[in-house]
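Below: the structure, in structure tokens.
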Amino acid sequence: MKLRKGSQSATGLRFGIIVAKFNKFVTGKLLSACVEELTERGVHADDIEVVRVPGAFELPLVARTMARTKQFHAVICLGAVIRGDTPHFDYVSAEASRGIGQAALDADVPIIFGVLTTHTIAQAIERADPAKFNRGGAAAKSAIEMATVMRLLRAGEETPVKRETLHGKRTTSAAKRTPRKRRA
Ligand code: INI
């Protein structure tokens with residue numbers, strides 16, 4: 001079996017971050033936690049580029065444009081869409097998620113969906129809090145993992161496999177395995 005998996009070692013990688021200004025009291029926290037996680041994992045501050053956009057609806061276009069420059073190993077989209085009394089939430093959140101997914105496929109570069117979609121302001125604050133759900137930090141980790149796994153795939157390299165790592169536990173040796181019944 002071949003194994004290819006990303007790592008959390010980010011030294012030398014470059015990241016683009018796009019952050020929505022809408023609900024800035026939440027997205028500001030997502031941004032700082034995201035940058036902190038990247039730098040703690042070895043990313044140089046000069047290798048992080050941040051672009052601000054009005055709201056989550058605008059994230060996909062800028063993400064695709066940044067990704068297409070091929071200057072970044074991954075691009076991270078940060079936003080907070082909070083349900084109100086109108087259907088606006090549904091349009092904005094649906095377009096942000098669909099557009100970000102499409103942008104990654106179009107640009108052939110990992111683009112991370114770090115957009116909170118919550119029913120209440122309290123839920124959004126909780127998810128942005130580095131001491132709780134820390135979705136900003138989680139977006140950074142996903143970006144590093146995707147950047148490193150894509151690099152492996154493109155180079156045609158494999159991750160060295162220890163028997164213990166297959167399925168997360170030691171595999172049964174061939175001798176102990178119960179033989180499969182042959183079809184008649
Ligand atoms: N943008 C958000 O990022 N979050 C929201 O909760 C939100 N709501 O609820 O309206 C929101 N709207 C703005 C939208 O993203 C665009 O910026 C705007 O429609 C201009 O295109």
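Naming scheme: A, B, ... for chains in displayed order of the structure tokens; residues 1 onward per chain; ligands 1 onward as shown.
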
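For ligand 1, the protein and nucleic acid residues at most 8 Å away, judged by only C-alpha atoms and all ligand atoms, amount to A:Ala20, A:Lys21, A:Phe22, A:Asn23, A:Val53, A:Pro54, A:Gly55, A:Ala56, A:Phe57, A:Glu58, A:Gly79, A:Ala80, A:Val81, A:Ile82, A:Arg83, A:Gly84, A:His88, A:Phe89, A:Val92, A:Ser93, A:Thr117.
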
DSSP alpha helix (DSSP H) residues within region 17-143 of chain A, listed as a compact mmCIF listing (two decimals) with N, CA and C atoms, in the first residue's frame:
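The result, written out as states.txt:
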```txt
# COMPACT_ATOMS: atom_id res chain seq x y z
N LYS A 24 -16.61 41.90 11.49
CA LYS A 24 -15.18 42.01 11.78
C LYS A 24 -14.83 41.61 13.21
N PHE A 25 -15.77 41.80 14.13
CA PHE A 25 -15.49 41.42 15.53
C PHE A 25 -15.24 39.91 15.64
N VAL A 26 -15.71 39.16 14.67
CA VAL A 26 -15.46 37.70 14.63
C VAL A 26 -14.29 37.40 13.67
N THR A 27 -14.32 37.97 12.48
CA THR A 27 -13.31 37.61 11.49
C THR A 27 -11.91 38.10 11.89
N GLY A 28 -11.85 39.19 12.67
CA GLY A 28 -10.55 39.67 13.18
C GLY A 28 -9.91 38.60 14.06
N LYS A 29 -10.73 37.94 14.88
CA LYS A 29 -10.21 36.88 15.76
C LYS A 29 -9.78 35.67 14.94
N LEU A 30 -10.55 35.35 13.91
CA LEU A 30 -10.18 34.22 13.03
C LEU A 30 -8.82 34.49 12.40
N LEU A 31 -8.65 35.75 11.94
CA LEU A 31 -7.41 36.12 11.27
C LEU A 31 -6.21 36.01 12.21
N SER A 32 -6.33 36.60 13.42
CA SER A 32 -5.14 36.55 14.30
C SER A 32 -4.79 35.12 14.68
N ALA A 33 -5.80 34.29 14.95
CA ALA A 33 -5.51 32.89 15.33
C ALA A 33 -4.88 32.13 14.16
N CYS A 34 -5.35 32.45 12.96
CA CYS A 34 -4.83 31.77 11.76
C CYS A 34 -3.36 32.13 11.54
N VAL A 35 -3.05 33.42 11.61
CA VAL A 35 -1.66 33.88 11.41
C VAL A 35 -0.76 33.31 12.51
N GLU A 36 -1.27 33.31 13.73
CA GLU A 36 -0.47 32.79 14.86
C GLU A 36 -0.14 31.31 14.64
N GLU A 37 -1.12 30.55 14.22
CA GLU A 37 -0.90 29.10 14.00
C GLU A 37 0.13 28.88 12.88
N LEU A 38 0.01 29.66 11.81
CA LEU A 38 0.96 29.50 10.69
C LEU A 38 2.38 29.81 11.15
N THR A 39 2.54 30.92 11.85
CA THR A 39 3.90 31.32 12.25
C THR A 39 4.47 30.35 13.29
N GLU A 40 3.60 29.88 14.20
CA GLU A 40 4.08 28.88 15.18
C GLU A 40 4.56 27.61 14.51
N LEU A 59 -15.41 36.41 -1.20
CA LEU A 59 -14.22 35.57 -0.98
C LEU A 59 -13.81 34.75 -2.22
N PRO A 60 -14.76 34.07 -2.90
CA PRO A 60 -14.34 33.15 -3.98
C PRO A 60 -13.54 33.79 -5.10
N LEU A 61 -13.96 34.96 -5.56
CA LEU A 61 -13.26 35.59 -6.70
C LEU A 61 -11.82 35.93 -6.33
N VAL A 62 -11.66 36.52 -5.16
CA VAL A 62 -10.30 36.92 -4.74
C VAL A 62 -9.45 35.66 -4.47
N ALA A 63 -10.09 34.63 -3.90
CA ALA A 63 -9.36 33.38 -3.64
C ALA A 63 -8.86 32.79 -4.95
N ARG A 64 -9.72 32.76 -5.95
CA ARG A 64 -9.32 32.19 -7.25
C ARG A 64 -8.20 33.01 -7.88
N THR A 65 -8.31 34.34 -7.80
CA THR A 65 -7.29 35.21 -8.38
C THR A 65 -5.94 34.99 -7.68
N MET A 66 -5.97 34.94 -6.36
CA MET A 66 -4.71 34.72 -5.62
C MET A 66 -4.13 33.35 -5.94
N ALA A 67 -4.99 32.35 -5.94
CA ALA A 67 -4.52 30.97 -6.19
C ALA A 67 -3.90 30.85 -7.58
N ARG A 68 -4.52 31.52 -8.54
CA ARG A 68 -4.03 31.43 -9.93
C ARG A 68 -2.66 32.05 -10.14
N HIS A 88 -31.11 36.28 3.49
CA HIS A 88 -29.80 36.72 3.01
C HIS A 88 -28.70 35.73 3.39
N PHE A 89 -28.75 35.24 4.61
CA PHE A 89 -27.78 34.26 5.13
C PHE A 89 -27.60 33.11 4.14
N ASP A 90 -28.73 32.58 3.67
CA ASP A 90 -28.68 31.40 2.80
C ASP A 90 -27.97 31.70 1.49
N TYR A 91 -28.25 32.87 0.93
CA TYR A 91 -27.61 33.23 -0.35
C TYR A 91 -26.10 33.43 -0.16
N VAL A 92 -25.74 34.17 0.89
CA VAL A 92 -24.32 34.48 1.11
C VAL A 92 -23.54 33.21 1.45
N SER A 93 -24.06 32.40 2.37
CA SER A 93 -23.30 31.20 2.79
C SER A 93 -23.22 30.19 1.64
N ALA A 94 -24.30 30.03 0.90
CA ALA A 94 -24.29 29.05 -0.20
C ALA A 94 -23.28 29.47 -1.27
N GLU A 95 -23.28 30.75 -1.60
CA GLU A 95 -22.37 31.22 -2.65
C GLU A 95 -20.92 31.16 -2.20
N ALA A 96 -20.69 31.48 -0.92
CA ALA A 96 -19.31 31.43 -0.41
C ALA A 96 -18.79 29.99 -0.47
N SER A 97 -19.57 29.03 0.00
CA SER A 97 -19.08 27.64 0.03
C SER A 97 -18.94 27.08 -1.39
N ARG A 98 -19.96 27.30 -2.22
CA ARG A 98 -19.89 26.78 -3.59
C ARG A 98 -18.74 27.43 -4.35
N GLY A 99 -18.64 28.75 -4.20
CA GLY A 99 -17.61 29.50 -4.95
C GLY A 99 -16.20 29.15 -4.51
N ILE A 100 -16.01 28.93 -3.23
CA ILE A 100 -14.66 28.61 -2.74
C ILE A 100 -14.25 27.22 -3.24
N GLY A 101 -15.18 26.28 -3.19
CA GLY A 101 -14.88 24.94 -3.70
C GLY A 101 -14.54 24.99 -5.18
N GLN A 102 -15.33 25.75 -5.93
CA GLN A 102 -15.09 25.86 -7.38
C GLN A 102 -13.76 26.54 -7.68
N ALA A 103 -13.44 27.57 -6.89
CA ALA A 103 -12.19 28.31 -7.10
C ALA A 103 -10.98 27.40 -6.93
N ALA A 104 -11.04 26.51 -5.94
CA ALA A 104 -9.91 25.58 -5.71
C ALA A 104 -9.73 24.66 -6.91
N LEU A 105 -10.86 24.17 -7.43
CA LEU A 105 -10.78 23.27 -8.59
C LEU A 105 -10.28 24.02 -9.83
N ASP A 106 -10.77 25.23 -10.03
CA ASP A 106 -10.36 26.03 -11.20
C ASP A 106 -8.87 26.34 -11.15
N ALA A 107 -8.39 26.72 -9.95
CA ALA A 107 -7.00 27.17 -9.84
C ALA A 107 -6.03 26.02 -9.59
N ILE A 121 -24.86 35.05 17.05
CA ILE A 121 -23.59 35.77 17.25
C ILE A 121 -22.75 35.02 18.29
N ALA A 122 -23.41 34.53 19.34
CA ALA A 122 -22.69 33.81 20.40
C ALA A 122 -21.96 32.59 19.83
N GLN A 123 -22.62 31.86 18.95
CA GLN A 123 -21.98 30.68 18.33
C GLN A 123 -20.75 31.10 17.53
N ALA A 124 -20.87 32.22 16.81
CA ALA A 124 -19.75 32.69 15.99
C ALA A 124 -18.57 33.08 16.87
N ILE A 125 -18.87 33.79 17.95
CA ILE A 125 -17.79 34.23 18.87
C ILE A 125 -17.09 33.02 19.48
N GLU A 126 -17.88 32.03 19.85
CA GLU A 126 -17.32 30.81 20.45
C GLU A 126 -16.41 30.07 19.46
N ARG A 127 -16.83 30.02 18.23
CA ARG A 127 -16.05 29.29 17.22
C ARG A 127 -14.77 30.02 16.83
N ALA A 128 -14.78 31.33 16.98
CA ALA A 128 -13.57 32.11 16.64
C ALA A 128 -12.59 32.16 17.81
N ARG A 135 -11.52 28.13 15.13
CA ARG A 135 -11.65 27.79 13.71
C ARG A 135 -10.59 28.51 12.84
N GLY A 136 -10.06 29.61 13.31
CA GLY A 136 -8.98 30.30 12.58
C GLY A 136 -7.72 29.46 12.58
N GLY A 137 -7.38 28.93 13.76
CA GLY A 137 -6.22 28.04 13.87
C GLY A 137 -6.43 26.76 13.08
N ALA A 138 -7.65 26.26 13.12
CA ALA A 138 -7.96 25.01 12.40
C ALA A 138 -7.81 25.22 10.88
N ALA A 139 -8.21 26.40 10.40
CA ALA A 139 -8.07 26.70 8.96
C ALA A 139 -6.60 26.69 8.57
N ALA A 140 -5.74 27.24 9.45
CA ALA A 140 -4.30 27.26 9.17
C ALA A 140 -3.76 25.83 9.09
N LYS A 141 -4.17 24.99 10.02
CA LYS A 141 -3.68 23.60 10.02
C LYS A 141 -4.15 22.86 8.77
N SER A 142 -5.40 23.07 8.38
CA SER A 142 -5.90 22.42 7.16
C SER A 142 -5.10 22.88 5.94
N ALA A 143 -4.76 24.18 5.93
CA ALA A 143 -4.00 24.72 4.79
C ALA A 143 -2.61 24.07 4.71
```

Pick from A:Ala74, A:Leu153, A:Val109, A:Met146: nearest to Arg4 (chain A), with only C-alpha atoms counted? A:Leu153

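Non-sequential neighbours of Ile18 (chain A) (distance at most 6 Å, separation of 5 or more positions within a chain, only C-alpha atoms) are Val50, Val51, Arg52 and Cys77 of chain A.
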
Val149 (chain A) surroundings by only C-alpha atoms, 12 Å radius, close-in-sequence under 4 positions cut, as a ChimeraX atom specification: /A:3-10,73-74,109-110,142-145,153-159

8 Å contact set for Ile17 (chain A), only C-alpha atoms, chain neighbours under 2 positions out, as a PyMOL selection string: chain A and resi 15+19+48-51+75-78

Spatial neighbours of Leu13 (chain A), 8 Å, only C-alpha atoms, chain gap at least 5 places, as a PyMOL selection string: chain A and resi 43+47+72-73+147

May I have the selected residues written with N, CA and C atoms, as a short mmCIF file (atom, residue, chain, number, x, y, z; two decimals), in the first residue's frame?
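Done, and the output landed in part_23.cif:
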```cif
data_model
loop_
_atom_site.label_atom_id
_atom_site.label_comp_id
_atom_site.auth_asym_id
_atom_site.auth_seq_id
_atom_site.Cartn_x
_atom_site.Cartn_y
_atom_site.Cartn_z
N VAL A 43 5.99 29.15 9.44
CA VAL A 43 5.82 30.02 8.27
C VAL A 43 6.39 31.40 8.61
N ASP A 47 5.98 35.41 4.24
CA ASP A 47 5.37 34.42 3.35
C ASP A 47 3.85 34.33 3.54
N PHE A 72 1.24 30.92 -4.02
CA PHE A 72 0.90 30.40 -2.69
C PHE A 72 0.72 28.89 -2.74
N HIS A 73 1.18 28.24 -1.67
CA HIS A 73 0.97 26.79 -1.57
C HIS A 73 -0.48 26.48 -1.19
N ALA A 147 -1.39 21.78 1.69
CA ALA A 147 -0.20 22.23 0.94
C ALA A 147 0.84 21.12 0.89
#
```

As a PyMOL selection string, which residues of region 57-182 of chain A does DSSP assign to strand (DSSP E)? chain A and resi 74-82+111-118

Dump of C-alpha atoms for the selected residues, as an mmCIF file, in the first residue's frame:
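Output saved as result.cif:
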```cif
data_model
loop_
_atom_site.group_PDB
_atom_site.id
_atom_site.type_symbol
_atom_site.label_atom_id
_atom_site.label_comp_id
_atom_site.auth_asym_id
_atom_site.auth_seq_id
_atom_site.Cartn_x
_atom_site.Cartn_y
_atom_site.Cartn_z
ATOM 1 C CA ALA A 74 -2.549 27.282 -0.223
ATOM 2 C CA VAL A 75 -5.094 30.056 0.163
ATOM 3 C CA ILE A 76 -7.287 30.469 3.250
ATOM 4 C CA CYS A 77 -10.719 32.130 3.215
ATOM 5 C CA LEU A 78 -11.985 33.536 6.503
ATOM 6 C CA GLY A 79 -15.478 34.887 7.093
ATOM 7 C CA ALA A 80 -18.487 34.798 9.377
ATOM 8 C CA VAL A 81 -22.016 34.473 8.077
ATOM 9 C CA ILE A 82 -24.529 34.814 10.881
ATOM 10 C CA ILE A 111 -8.335 26.839 -0.882
ATOM 11 C CA ILE A 112 -9.525 26.422 2.682
ATOM 12 C CA PHE A 113 -13.100 27.141 3.751
ATOM 13 C CA GLY A 114 -12.595 29.009 7.016
ATOM 14 C CA VAL A 115 -16.033 30.562 6.941
ATOM 15 C CA LEU A 116 -18.255 30.285 10.003
ATOM 16 C CA THR A 117 -21.947 29.818 9.290
ATOM 17 C CA THR A 118 -23.861 30.106 12.548
#
```
